[in-house]
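Trainee: final_28.cif (mmCIF, C-alpha atoms and all ligand atoms) pasted underneath:
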data_my_file
#
loop_
_atom_site.label_atom_id
_atom_site.label_comp_id
_atom_site.auth_asym_id
_atom_site.auth_seq_id
_atom_site.Cartn_x
_atom_site.Cartn_y
_atom_site.Cartn_z
CA MET T 11 -77.68 14.07 -184.39
CA LYS T 12 -74.99 11.60 -183.36
CA VAL T 13 -71.28 12.45 -183.38
CA LEU T 14 -69.15 9.30 -183.63
CA ASN T 15 -65.36 9.14 -183.46
CA THR T 16 -64.44 5.50 -183.95
CA TYR T 17 -64.86 2.87 -186.61
CA SER T 18 -66.37 0.45 -184.08
CA ASP T 19 -68.95 2.99 -182.84
CA PHE T 20 -69.87 3.86 -186.42
CA ASN T 21 -70.14 0.17 -187.32
CA LEU T 22 -72.45 -0.49 -184.39
CA TRP T 23 -74.71 2.39 -185.43
CA ARG T 24 -74.64 1.30 -189.11
CA LYS T 25 -75.55 -2.29 -188.23
CA GLY T 26 -78.39 -1.08 -186.03
CA LEU T 27 -80.18 0.70 -188.89
CA SER T 28 -83.46 -0.99 -189.78
CA GLU T 29 -84.36 -1.91 -193.37
CA GLN T 30 -87.06 0.75 -193.16
CA ALA T 31 -84.60 3.40 -191.96
CA ILE T 32 -82.35 2.82 -194.95
CA SER T 33 -85.09 2.15 -197.51
CA LYS T 34 -84.20 5.27 -199.54
CA GLY T 35 -80.50 4.70 -198.92
CA VAL T 36 -77.60 6.06 -196.92
CA GLY T 37 -76.08 9.24 -198.33
CA PHE T 38 -72.56 10.33 -197.47
CA VAL T 39 -70.79 13.70 -197.67
CA PRO T 40 -67.05 13.48 -196.92
CA THR T 41 -65.42 16.77 -195.91
CA MET T 42 -62.43 18.24 -194.17
CA GLY T 43 -64.69 20.59 -192.18
CA ALA T 44 -64.73 24.41 -192.26
CA LEU T 45 -68.14 23.91 -193.81
CA HIS T 46 -69.60 26.56 -196.12
CA LEU T 47 -72.61 26.88 -198.42
CA GLY T 48 -70.99 24.52 -200.94
CA HIS T 49 -70.94 21.73 -198.34
CA ALA T 50 -74.46 22.68 -197.23
CA SER T 51 -75.68 22.15 -200.81
CA LEU T 52 -74.15 18.64 -200.89
CA LEU T 53 -75.72 17.81 -197.54
CA THR T 54 -79.11 19.15 -198.63
CA LYS T 55 -78.99 17.04 -201.79
CA SER T 56 -78.10 13.97 -199.76
CA LEU T 57 -80.86 14.68 -197.23
CA ASN T 58 -83.38 14.94 -200.08
CA GLU T 59 -82.27 11.77 -201.83
CA ASN T 60 -81.66 9.38 -198.91
CA SER T 61 -83.28 8.24 -195.66
CA VAL T 62 -80.08 8.77 -193.70
CA THR T 63 -77.23 11.24 -194.25
CA VAL T 64 -73.73 10.83 -192.84
CA LEU T 65 -71.20 13.66 -192.85
CA SER T 66 -67.53 13.03 -192.16
CA ILE T 67 -65.15 15.72 -190.93
CA TYR T 68 -61.53 14.69 -191.17
CA VAL T 69 -58.55 16.82 -192.18
CA ASN T 70 -56.66 14.11 -193.98
CA PRO T 71 -52.90 14.65 -193.52
CA THR T 72 -51.85 12.23 -196.29
CA GLN T 73 -53.26 14.54 -198.98
CA PHE T 74 -51.12 17.50 -197.89
CA ASN T 75 -47.66 17.48 -199.41
CA ASN T 76 -46.87 20.67 -197.52
CA LEU T 77 -46.92 20.63 -193.71
CA GLU T 78 -47.45 24.41 -193.53
CA ASP T 79 -50.59 24.10 -195.69
CA LEU T 80 -51.90 21.36 -193.36
CA LYS T 81 -51.19 23.48 -190.27
CA LYS T 82 -53.06 26.44 -191.78
CA TYR T 83 -56.14 24.40 -192.72
CA PRO T 84 -59.11 26.07 -190.97
CA ILE T 85 -60.74 24.04 -188.17
CA THR T 86 -64.24 25.11 -187.08
CA LEU T 87 -65.69 21.93 -185.56
CA ALA T 88 -68.26 23.57 -183.24
CA GLU T 89 -69.72 25.68 -186.08
CA ASP T 90 -69.64 22.68 -188.44
CA LEU T 91 -71.62 20.54 -186.00
CA GLU T 92 -74.14 23.36 -185.52
CA LEU T 93 -74.64 23.68 -189.29
CA ALA T 94 -74.98 19.91 -189.70
CA LYS T 95 -77.53 19.73 -186.88
CA ASN T 96 -79.59 22.59 -188.33
CA LEU T 97 -79.66 20.91 -191.73
CA GLY T 98 -80.86 17.61 -190.22
CA VAL T 99 -77.76 15.43 -190.72
CA ASP T 100 -78.14 12.11 -188.92
CA VAL T 101 -74.54 11.24 -188.06
CA VAL T 102 -71.24 13.09 -188.11
CA PHE T 103 -68.18 10.87 -188.23
CA VAL T 104 -65.12 12.66 -186.80
CA PRO T 105 -62.29 10.11 -186.67
CA THR T 106 -58.67 10.44 -185.54
CA TYR T 107 -55.59 9.55 -187.60
CA GLU T 108 -55.28 6.24 -185.68
CA GLU T 109 -58.86 5.28 -186.60
CA ILE T 110 -58.36 5.97 -190.30
CA TYR T 111 -54.76 4.79 -190.63
CA PRO T 112 -54.29 1.79 -188.30
CA ASP T 113 -51.70 0.70 -190.92
CA ASN T 114 -49.94 4.10 -190.66
CA TYR T 115 -50.51 4.59 -194.42
CA LYS T 116 -48.60 1.46 -195.45
CA PHE T 117 -51.38 0.71 -197.91
CA LYS T 118 -52.46 3.33 -200.41
CA VAL T 119 -54.47 3.79 -203.59
CA ILE T 120 -52.27 5.01 -206.45
CA GLU T 121 -53.50 6.21 -209.82
CA ASN T 122 -50.77 6.62 -212.41
CA ASP T 123 -52.29 8.83 -215.05
CA PHE T 124 -54.63 11.81 -214.55
CA SER T 125 -53.56 12.17 -210.89
CA LEU T 126 -50.07 13.19 -212.02
CA SER T 127 -51.24 16.28 -213.89
CA LEU T 128 -52.82 19.61 -212.85
CA CYS T 129 -53.08 19.62 -209.02
CA GLY T 130 -51.14 16.34 -208.87
CA ALA T 131 -48.16 17.77 -210.74
CA ASN T 132 -47.73 20.53 -208.18
CA ARG T 133 -48.73 18.53 -205.10
CA PRO T 134 -46.89 15.18 -205.30
CA GLY T 135 -48.82 12.40 -203.57
CA HIS T 136 -51.90 14.57 -203.10
CA PHE T 137 -54.30 12.30 -204.98
CA ASN T 138 -52.86 9.11 -203.46
CA GLY T 139 -53.90 10.59 -200.11
CA VAL T 140 -57.32 11.66 -201.38
CA LEU T 141 -58.13 8.33 -203.06
CA THR T 142 -56.90 6.32 -200.08
CA VAL T 143 -58.93 8.25 -197.52
CA VAL T 144 -62.04 8.25 -199.74
CA MET T 145 -61.82 4.49 -200.23
CA LYS T 146 -61.40 3.97 -196.47
CA LEU T 147 -64.33 6.28 -195.67
CA LEU T 148 -66.57 4.62 -198.27
CA ASN T 149 -65.69 1.21 -196.80
CA ILE T 150 -66.55 2.42 -193.30
CA ILE T 151 -69.73 4.33 -194.11
CA GLN T 152 -71.04 1.95 -196.82
CA PRO T 153 -73.31 4.53 -198.43
CA GLN T 154 -75.45 3.98 -201.52
CA ARG T 155 -74.58 7.50 -202.67
CA ALA T 156 -71.63 9.79 -201.96
CA TYR T 157 -71.66 13.49 -202.86
CA PHE T 158 -68.71 15.49 -204.19
CA GLY T 159 -68.50 19.06 -205.49
CA GLU T 160 -67.48 19.90 -209.04
CA LYS T 161 -65.18 22.60 -207.67
CA ASP T 162 -62.64 19.80 -207.21
CA PHE T 163 -63.32 18.40 -210.67
CA GLN T 164 -60.06 16.47 -211.02
CA GLN T 165 -60.72 14.86 -207.62
CA LEU T 166 -64.28 14.01 -208.66
CA MET T 167 -63.11 12.36 -211.92
CA LEU T 168 -60.43 10.35 -210.09
CA ILE T 169 -62.89 9.16 -207.43
CA LYS T 170 -65.36 8.10 -210.15
CA SER T 171 -62.57 6.16 -211.92
CA MET T 172 -61.47 4.51 -208.67
CA VAL T 173 -65.02 3.39 -207.88
CA GLN T 174 -65.28 1.87 -211.37
CA ALA T 175 -61.82 0.27 -211.27
CA PHE T 176 -62.43 -1.41 -207.90
CA PHE T 177 -66.10 -2.37 -208.58
CA MET T 178 -67.21 -0.37 -205.55
CA GLN T 179 -70.95 -0.44 -204.86
CA VAL T 180 -71.58 3.28 -204.51
CA GLU T 181 -72.99 5.98 -206.75
CA ILE T 182 -70.77 9.08 -206.94
CA VAL T 183 -73.04 12.12 -207.24
CA ALA T 184 -71.50 15.28 -208.74
CA CYS T 185 -72.82 18.59 -207.40
CA PRO T 186 -72.34 22.00 -209.07
CA THR T 187 -69.82 24.50 -207.70
CA MET T 188 -71.36 27.04 -205.36
CA ARG T 189 -70.09 30.59 -205.85
CA GLU T 190 -69.92 33.83 -203.91
CA LYS T 191 -71.99 36.71 -205.38
CA ASN T 192 -68.87 37.90 -207.24
CA GLY T 193 -68.36 34.47 -208.85
CA LEU T 194 -65.51 33.24 -206.63
CA ALA T 195 -65.87 29.48 -206.08
CA ARG T 196 -66.79 28.73 -202.46
CA SER T 197 -63.95 27.01 -200.62
CA SER T 198 -62.87 26.51 -197.03
CA ARG T 199 -59.66 28.28 -198.01
CA ASN T 200 -61.56 31.51 -198.79
CA THR T 201 -61.68 32.22 -195.03
CA ARG T 202 -57.92 32.82 -195.25
CA LEU T 203 -58.30 35.59 -197.85
CA SER T 204 -58.32 39.27 -196.88
CA GLU T 205 -61.52 41.13 -197.83
CA VAL T 206 -59.60 42.89 -200.60
CA ASP T 207 -58.22 39.63 -202.04
CA LYS T 208 -61.66 38.01 -201.81
CA GLU T 209 -63.02 40.73 -204.08
CA LYS T 210 -59.99 40.71 -206.38
CA ALA T 211 -60.00 36.89 -206.65
CA ALA T 212 -63.35 37.16 -208.47
CA ILE T 213 -61.19 37.76 -211.55
CA ILE T 214 -60.33 34.02 -211.59
CA TYR T 215 -63.87 32.92 -212.51
CA LYS T 216 -64.58 35.97 -214.67
CA ALA T 217 -61.43 35.33 -216.71
CA ILE T 218 -61.87 31.56 -217.19
CA VAL T 219 -65.47 31.87 -218.41
CA SER T 220 -64.54 34.63 -220.83
CA ASN T 221 -63.94 33.91 -224.49
CA GLN T 222 -60.42 35.30 -224.40
CA PRO T 223 -57.39 33.29 -225.50
CA ILE T 224 -55.78 31.35 -222.67
CA GLU T 225 -52.66 33.56 -222.53
CA LYS T 226 -54.84 36.66 -222.14
CA ILE T 227 -56.73 34.96 -219.29
CA ARG T 228 -53.44 34.22 -217.55
CA LYS T 229 -52.32 37.85 -217.96
CA CYS T 230 -55.62 39.24 -216.58
CA ILE T 231 -55.10 37.20 -213.39
CA GLU T 232 -51.41 37.97 -213.09
CA ASP T 233 -52.17 41.68 -213.54
CA GLU T 234 -54.09 41.49 -210.23
CA GLY T 235 -50.82 40.44 -208.59
CA PHE T 236 -51.66 36.72 -208.32
CA SER T 237 -49.52 33.87 -209.57
CA VAL T 238 -51.08 31.25 -211.86
CA GLU T 239 -49.87 27.73 -210.98
CA TYR T 240 -51.58 26.12 -213.97
CA LEU T 241 -54.21 27.06 -216.53
CA VAL T 242 -55.08 24.16 -218.82
CA ASP T 243 -57.88 23.23 -221.20
CA PHE T 244 -58.38 19.45 -221.05
CA LEU T 245 -61.22 17.27 -222.33
CA GLY T 246 -63.79 20.07 -222.54
CA ARG T 247 -62.89 21.66 -219.24
CA ARG T 248 -60.71 24.60 -218.27
CA TYR T 249 -58.78 24.06 -215.03
CA ILE T 250 -56.93 26.67 -213.02
CA ALA T 251 -54.94 26.94 -209.78
CA VAL T 252 -53.92 30.36 -208.51
CA ASP T 253 -51.78 31.49 -205.60
CA VAL T 254 -53.60 34.44 -204.07
CA HIS T 255 -50.95 35.84 -201.72
CA GLY T 256 -50.24 32.48 -200.10
CA VAL T 257 -53.74 30.99 -200.44
CA ARG T 258 -54.01 28.36 -203.17
CA LEU T 259 -57.37 28.52 -204.97
CA ILE T 260 -58.62 26.19 -207.71
CA ASP T 261 -61.55 26.44 -210.09
CA ASN T 262 -62.76 24.91 -213.36
CA VAL T 263 -65.48 25.45 -215.96
CA ASN T 264 -67.07 23.50 -218.77
CA ILE T 265 -65.83 24.94 -222.07
CA THR T 266 -67.88 22.77 -224.41
CA LYS T 267 -71.01 24.93 -224.07
CA LYS T 268 -69.42 27.86 -225.96
O1 LIG P 301 -62.65 17.51 -200.99
C1 LIG P 301 -62.29 17.32 -199.80
O2 LIG P 301 -62.70 18.02 -198.88
C2 LIG P 301 -61.31 16.18 -199.51
O3 LIG P 301 -60.38 16.04 -200.53
C3 LIG P 301 -62.02 14.84 -199.19
C4 LIG P 301 -62.79 14.33 -200.40
C5 LIG P 301 -62.97 15.02 -198.02
C6 LIG P 301 -60.97 13.80 -198.82
O4 LIG P 301 -60.23 14.17 -197.71
#
Once you've parsed the file, please lay out its structure as structure tokens.

Mentor:
Amino acid sequence: MKVLNTYSDFNLWRKGLSEQAISKGVGFVPTMGALHLGHASLLTKSLNENSVTVLSIYVNPTQFNNLEDLKKYPITLAEDLELAKNLGVDVVFVPTYEEIYPDNYKFKVIENDFSLSLCGANRPGHFNGVLTVVMKLLNIIQPQRAYFGEKDFQQLMLIKSMVQAFFMQVEIVACPTMREKNGLARSSRNTRLSEVDKEKAAIIYKAIVSNQPIEKIRKCIEDEGFSVEYLVDFLGRRYIAVDVHGVRLIDNVNITKK
């Protein structure tokens, strides 16, 4: 497994791939590291569907509107590389800010509709940062397929719309949310929860899949001592963000199956 840190090194490797090596395609899984079973499932899908799989690990500062949140983001590079190697990933791209933002973020991708609601309403500029870094990474990696988890459903929808709007030649593959045994959506942020809160936070999923009215769902979660940032039903999906004693967790479920 190769670990590459610069655009030029990645480009050299990408250009050196033979037609045969990329016959089934190049698959790409962008991440911010602190890999867990959710990421492993994206990587496994990519490994099954492509000849070559690229993983990127980059904690993108432009998508954090809060410096404290950025500082607290878990970094576990050695473990991440070990997991990637064990799964059979071909290349891990681990760039610096200078590699990704040679323009110092003078250019950005801005969406003026869905990105302003839900997570975007509470984290101004968040999705500009996400869409910009994803476009840059897709331009660097040039994959046929890129894999994103449904846990970040708003992000997934926005990336799909961006790819369509800019005629980008990549298939965005949606992968189901992976959950802990108690139903809690797997997230890198879960490592910041106490064992007690990890158990208690299972209420988030249990409540949003229940058939209760939305106000009752909110109350169930607040009764655990957590604060609900938003809880919204929108286009057949229920979205939620919860502050679990300083750790911001999001989840969503399909509500059309009921
Ligand atoms: O979902 C994430 O981990 C990030 O938002 C992404 C897509 C890697 C962009 O930084």

Trainee: Box for region 133-140 of chain T: with edges along x, y and z, all listed atoms inside and 4 Å added on each side, what are the centre and edge lengths in Å to one decimal, as lines of an AutoDock Vina configuration file?

Mentor:
center_x = -52.1
center_y = 13.8
center_z = -202.7
size_x = 18.4
size_y = 17.4
size_z = 13.2

Trainee: Given the point (-64.5, 11.7, -191.9) in the file's coordinates, find the residues that have an atom at most 9 Å from it, counting all atoms listed in the file, and give them as a list in words.

Mentor: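 Within 9 Å of (-64.5, 11.7, -191.9), the protein and nucleic acid residues are Asn15, Val39, Pro40, Thr41, Met42, Gly43, Leu65, Ser66, Ile67, Tyr68, Val69, Asn70, Val102, Phe103, Val104, Pro105, Thr106, Ile110, Val143, Val144 and Leu147 of chain T.
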
Trainee: Go through T:Gln152, T:Gln165, T:Thr72, T:Asn132 and flag the residue nearest Glu181 (chain T), using all atoms listed in the file for the distances.

Mentor: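 Answer, going by the shortest atom-to-atom distance: T:Gln152.
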
Trainee: Could you name the residues that touch Val101 (chain T) at 9 Å or less, counting all atoms listed in the file, but leaving out those on the same chain fewer than 4 positions away, as a count of residues only?

Mentor: 11

Trainee: For Phe244 (chain T), work out the shell of residues within 10 Å, counting only C-alpha atoms and skipping chain neighbours fewer than 4 positions away, then give it as a PyMOL selection string.

Mentor: chain T and resi 128+248-249+264-265

Trainee: Provide the CA of Arg228 (chain T) to CA of Ile250 (chain T) distance in Å, to one decimal place.

Mentor: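 We find that CA of Arg228 (chain T) and CA of Ile250 (chain T) lie 9.5 Å from each other.
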
Trainee: What does the distance from CA of Pro186 (chain T) to CA of Glu160 (chain T) come to in Å, to one decimal?

Mentor: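 Going from CA of Pro186 (chain T) over to CA of Glu160 (chain T), I get 5.3 Å.
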
Trainee: Output as JSON lines one row per residue of region 80-183 of chain T within 9 Å of region 254-260 of chain T: the closest atom pair and its distance in Å to one decimal place, counting only C-alpha atoms, sorted by chain and residue number ascending.

Mentor:
{"residue": "T:Cys129", "atom": "CA", "partner": "T:Ile260", "partner_atom": "CA", "distance": 8.7}
{"residue": "T:Lys161", "atom": "CA", "partner": "T:Ile260", "partner_atom": "CA", "distance": 7.5}
{"residue": "T:Asp162", "atom": "CA", "partner": "T:Ile260", "partner_atom": "CA", "distance": 7.6}

Trainee: How many Å separate CA of Gln73 (chain T) from CA of Ile213 (chain T)?

Mentor: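 Taking CA of Gln73 (chain T) as the start and CA of Ile213 (chain T) as the end point, the length is 27.6 Å.
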
Trainee: Just checking: using all atoms listed in the file, which residue out of T:Thr201, T:Asn221, T:Gln164, T:Ser237 ends up closest to ligand LIG 301 (chain P)?

Mentor: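 Under the stated criterion, the closest residue is T:Gln164.
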
Trainee: Supply region 117-128 of chain T as a PDB file, in the frame of the given file, with all heavy atoms built in where the input has gaps.

Mentor:
ATOM      1  N   PHE T 117     -50.619   1.050-196.717  1.00  0.00           N
ATOM      2  CA  PHE T 117     -51.380   0.710-197.910  1.00  0.00           C
ATOM      3  C   PHE T 117     -51.975   1.991-198.493  1.00  0.00           C
ATOM      4  O   PHE T 117     -52.497   2.820-197.749  1.00  0.00           O
ATOM      5  CB  PHE T 117     -52.527  -0.253-197.564  1.00  0.00           C
ATOM      6  CG  PHE T 117     -52.050  -1.603-197.162  1.00  0.00           C
ATOM      7  CD1 PHE T 117     -51.803  -1.893-195.829  1.00  0.00           C
ATOM      8  CD2 PHE T 117     -51.816  -2.584-198.114  1.00  0.00           C
ATOM      9  CE1 PHE T 117     -51.346  -3.137-195.453  1.00  0.00           C
ATOM     10  CE2 PHE T 117     -51.356  -3.831-197.744  1.00  0.00           C
ATOM     11  CZ  PHE T 117     -51.118  -4.121-196.410  1.00  0.00           C
ATOM     12  N   LYS T 118     -51.865   2.140-199.813  1.00  0.00           N
ATOM     13  CA  LYS T 118     -52.460   3.330-200.410  1.00  0.00           C
ATOM     14  C   LYS T 118     -53.001   3.039-201.812  1.00  0.00           C
ATOM     15  O   LYS T 118     -52.583   2.063-202.450  1.00  0.00           O
ATOM     16  CB  LYS T 118     -51.468   4.487-200.440  1.00  0.00           C
ATOM     17  CG  LYS T 118     -50.145   4.211-201.085  1.00  0.00           C
ATOM     18  CD  LYS T 118     -49.174   5.392-200.923  1.00  0.00           C
ATOM     19  CE  LYS T 118     -48.415   5.340-199.615  1.00  0.00           C
ATOM     20  NZ  LYS T 118     -47.254   6.240-199.569  1.00  0.00           N
ATOM     21  N   VAL T 119     -53.920   3.891-202.240  1.00  0.00           N
ATOM     22  CA  VAL T 119     -54.470   3.790-203.590  1.00  0.00           C
ATOM     23  C   VAL T 119     -53.654   4.730-204.478  1.00  0.00           C
ATOM     24  O   VAL T 119     -53.547   5.920-204.170  1.00  0.00           O
ATOM     25  CB  VAL T 119     -55.953   4.214-203.625  1.00  0.00           C
ATOM     26  CG1 VAL T 119     -56.507   4.106-205.043  1.00  0.00           C
ATOM     27  CG2 VAL T 119     -56.783   3.379-202.657  1.00  0.00           C
ATOM     28  N   ILE T 120     -53.087   4.183-205.554  1.00  0.00           N
ATOM     29  CA  ILE T 120     -52.270   5.010-206.450  1.00  0.00           C
ATOM     30  C   ILE T 120     -52.852   4.957-207.861  1.00  0.00           C
ATOM     31  O   ILE T 120     -53.100   3.868-208.388  1.00  0.00           O
ATOM     32  CB  ILE T 120     -50.807   4.515-206.459  1.00  0.00           C
ATOM     33  CG1 ILE T 120     -50.227   4.618-205.042  1.00  0.00           C
ATOM     34  CG2 ILE T 120     -49.954   5.328-207.448  1.00  0.00           C
ATOM     35  CD1 ILE T 120     -48.817   4.068-204.909  1.00  0.00           C
ATOM     36  N   GLU T 121     -53.064   6.129-208.434  1.00  0.00           N
ATOM     37  CA  GLU T 121     -53.500   6.210-209.820  1.00  0.00           C
ATOM     38  C   GLU T 121     -52.312   6.803-210.576  1.00  0.00           C
ATOM     39  O   GLU T 121     -51.672   7.745-210.084  1.00  0.00           O
ATOM     40  CB  GLU T 121     -54.740   7.110-209.911  1.00  0.00           C
ATOM     41  CG  GLU T 121     -55.493   7.011-211.214  1.00  0.00           C
ATOM     42  CD  GLU T 121     -55.055   8.025-212.249  1.00  0.00           C
ATOM     43  OE1 GLU T 121     -54.075   8.783-212.005  1.00  0.00           O
ATOM     44  OE2 GLU T 121     -55.682   8.074-213.305  1.00  0.00           O
ATOM     45  N   ASN T 122     -52.015   6.235-211.728  1.00  0.00           N
ATOM     46  CA  ASN T 122     -50.770   6.620-212.410  1.00  0.00           C
ATOM     47  C   ASN T 122     -50.963   7.417-213.681  1.00  0.00           C
ATOM     48  O   ASN T 122     -50.119   7.357-214.565  1.00  0.00           O
ATOM     49  CB  ASN T 122     -49.969   5.352-212.748  1.00  0.00           C
ATOM     50  CG  ASN T 122     -49.114   4.963-211.570  1.00  0.00           C
ATOM     51  OD1 ASN T 122     -48.536   5.816-210.909  1.00  0.00           O
ATOM     52  ND2 ASN T 122     -49.059   3.665-211.286  1.00  0.00           N
ATOM     53  N   ASP T 123     -52.069   8.122-213.797  1.00  0.00           N
ATOM     54  CA  ASP T 123     -52.290   8.830-215.050  1.00  0.00           C
ATOM     55  C   ASP T 123     -52.738  10.269-214.763  1.00  0.00           C
ATOM     56  O   ASP T 123     -51.923  11.154-214.515  1.00  0.00           O
ATOM     57  CB  ASP T 123     -53.299   8.017-215.879  1.00  0.00           C
ATOM     58  CG  ASP T 123     -53.510   8.567-217.274  1.00  0.00           C
ATOM     59  OD1 ASP T 123     -52.749   9.465-217.667  1.00  0.00           O
ATOM     60  OD2 ASP T 123     -54.437   8.104-217.959  1.00  0.00           O
ATOM     61  N   PHE T 124     -54.077  10.460-214.713  1.00  0.00           N
ATOM     62  CA  PHE T 124     -54.630  11.810-214.550  1.00  0.00           C
ATOM     63  C   PHE T 124     -54.161  12.455-213.228  1.00  0.00           C
ATOM     64  O   PHE T 124     -54.013  13.669-213.122  1.00  0.00           O
ATOM     65  CB  PHE T 124     -56.155  11.721-214.619  1.00  0.00           C
ATOM     66  CG  PHE T 124     -56.875  13.042-214.710  1.00  0.00           C
ATOM     67  CD1 PHE T 124     -56.344  14.122-215.408  1.00  0.00           C
ATOM     68  CD2 PHE T 124     -58.125  13.196-214.106  1.00  0.00           C
ATOM     69  CE1 PHE T 124     -57.020  15.340-215.484  1.00  0.00           C
ATOM     70  CE2 PHE T 124     -58.813  14.403-214.183  1.00  0.00           C
ATOM     71  CZ  PHE T 124     -58.253  15.473-214.866  1.00  0.00           C
ATOM     72  N   SER T 125     -53.922  11.621-212.217  1.00  0.00           N
ATOM     73  CA  SER T 125     -53.560  12.170-210.890  1.00  0.00           C
ATOM     74  C   SER T 125     -52.190  12.841-210.901  1.00  0.00           C
ATOM     75  O   SER T 125     -51.833  13.533-209.956  1.00  0.00           O
ATOM     76  CB  SER T 125     -53.562  11.060-209.842  1.00  0.00           C
ATOM     77  OG  SER T 125     -52.439  10.231-210.026  1.00  0.00           O
ATOM     78  N   LEU T 126     -51.422  12.612-211.976  1.00  0.00           N
ATOM     79  CA  LEU T 126     -50.070  13.190-212.020  1.00  0.00           C
ATOM     80  C   LEU T 126     -50.052  14.568-212.668  1.00  0.00           C
ATOM     81  O   LEU T 126     -49.026  15.231-212.685  1.00  0.00           O
ATOM     82  CB  LEU T 126     -49.121  12.244-212.769  1.00  0.00           C
ATOM     83  CG  LEU T 126     -49.036  10.828-212.178  1.00  0.00           C
ATOM     84  CD1 LEU T 126     -48.135   9.949-213.018  1.00  0.00           C
ATOM     85  CD2 LEU T 126     -48.538  10.881-210.740  1.00  0.00           C
ATOM     86  N   SER T 127     -51.204  14.970-213.229  1.00  0.00           N
ATOM     87  CA  SER T 127     -51.240  16.280-213.890  1.00  0.00           C
ATOM     88  C   SER T 127     -51.983  17.299-213.026  1.00  0.00           C
ATOM     89  O   SER T 127     -52.447  16.974-211.925  1.00  0.00           O
ATOM     90  CB  SER T 127     -51.934  16.145-215.261  1.00  0.00           C
ATOM     91  OG  SER T 127     -53.270  15.750-215.064  1.00  0.00           O
ATOM     92  N   LEU T 128     -52.095  18.521-213.521  1.00  0.00           N
ATOM     93  CA  LEU T 128     -52.820  19.610-212.850  1.00  0.00           C
ATOM     94  C   LEU T 128     -52.430  19.687-211.367  1.00  0.00           C
ATOM     95  O   LEU T 128     -51.270  19.856-211.051  1.00  0.00           O
ATOM     96  CB  LEU T 128     -54.342  19.418-213.047  1.00  0.00           C
ATOM     97  CG  LEU T 128     -54.819  19.283-214.505  1.00  0.00           C
ATOM     98  CD1 LEU T 128     -56.303  18.939-214.564  1.00  0.00           C
ATOM     99  CD2 LEU T 128     -54.544  20.538-215.301  1.00  0.00           C
TER     100      LEU T 128
END
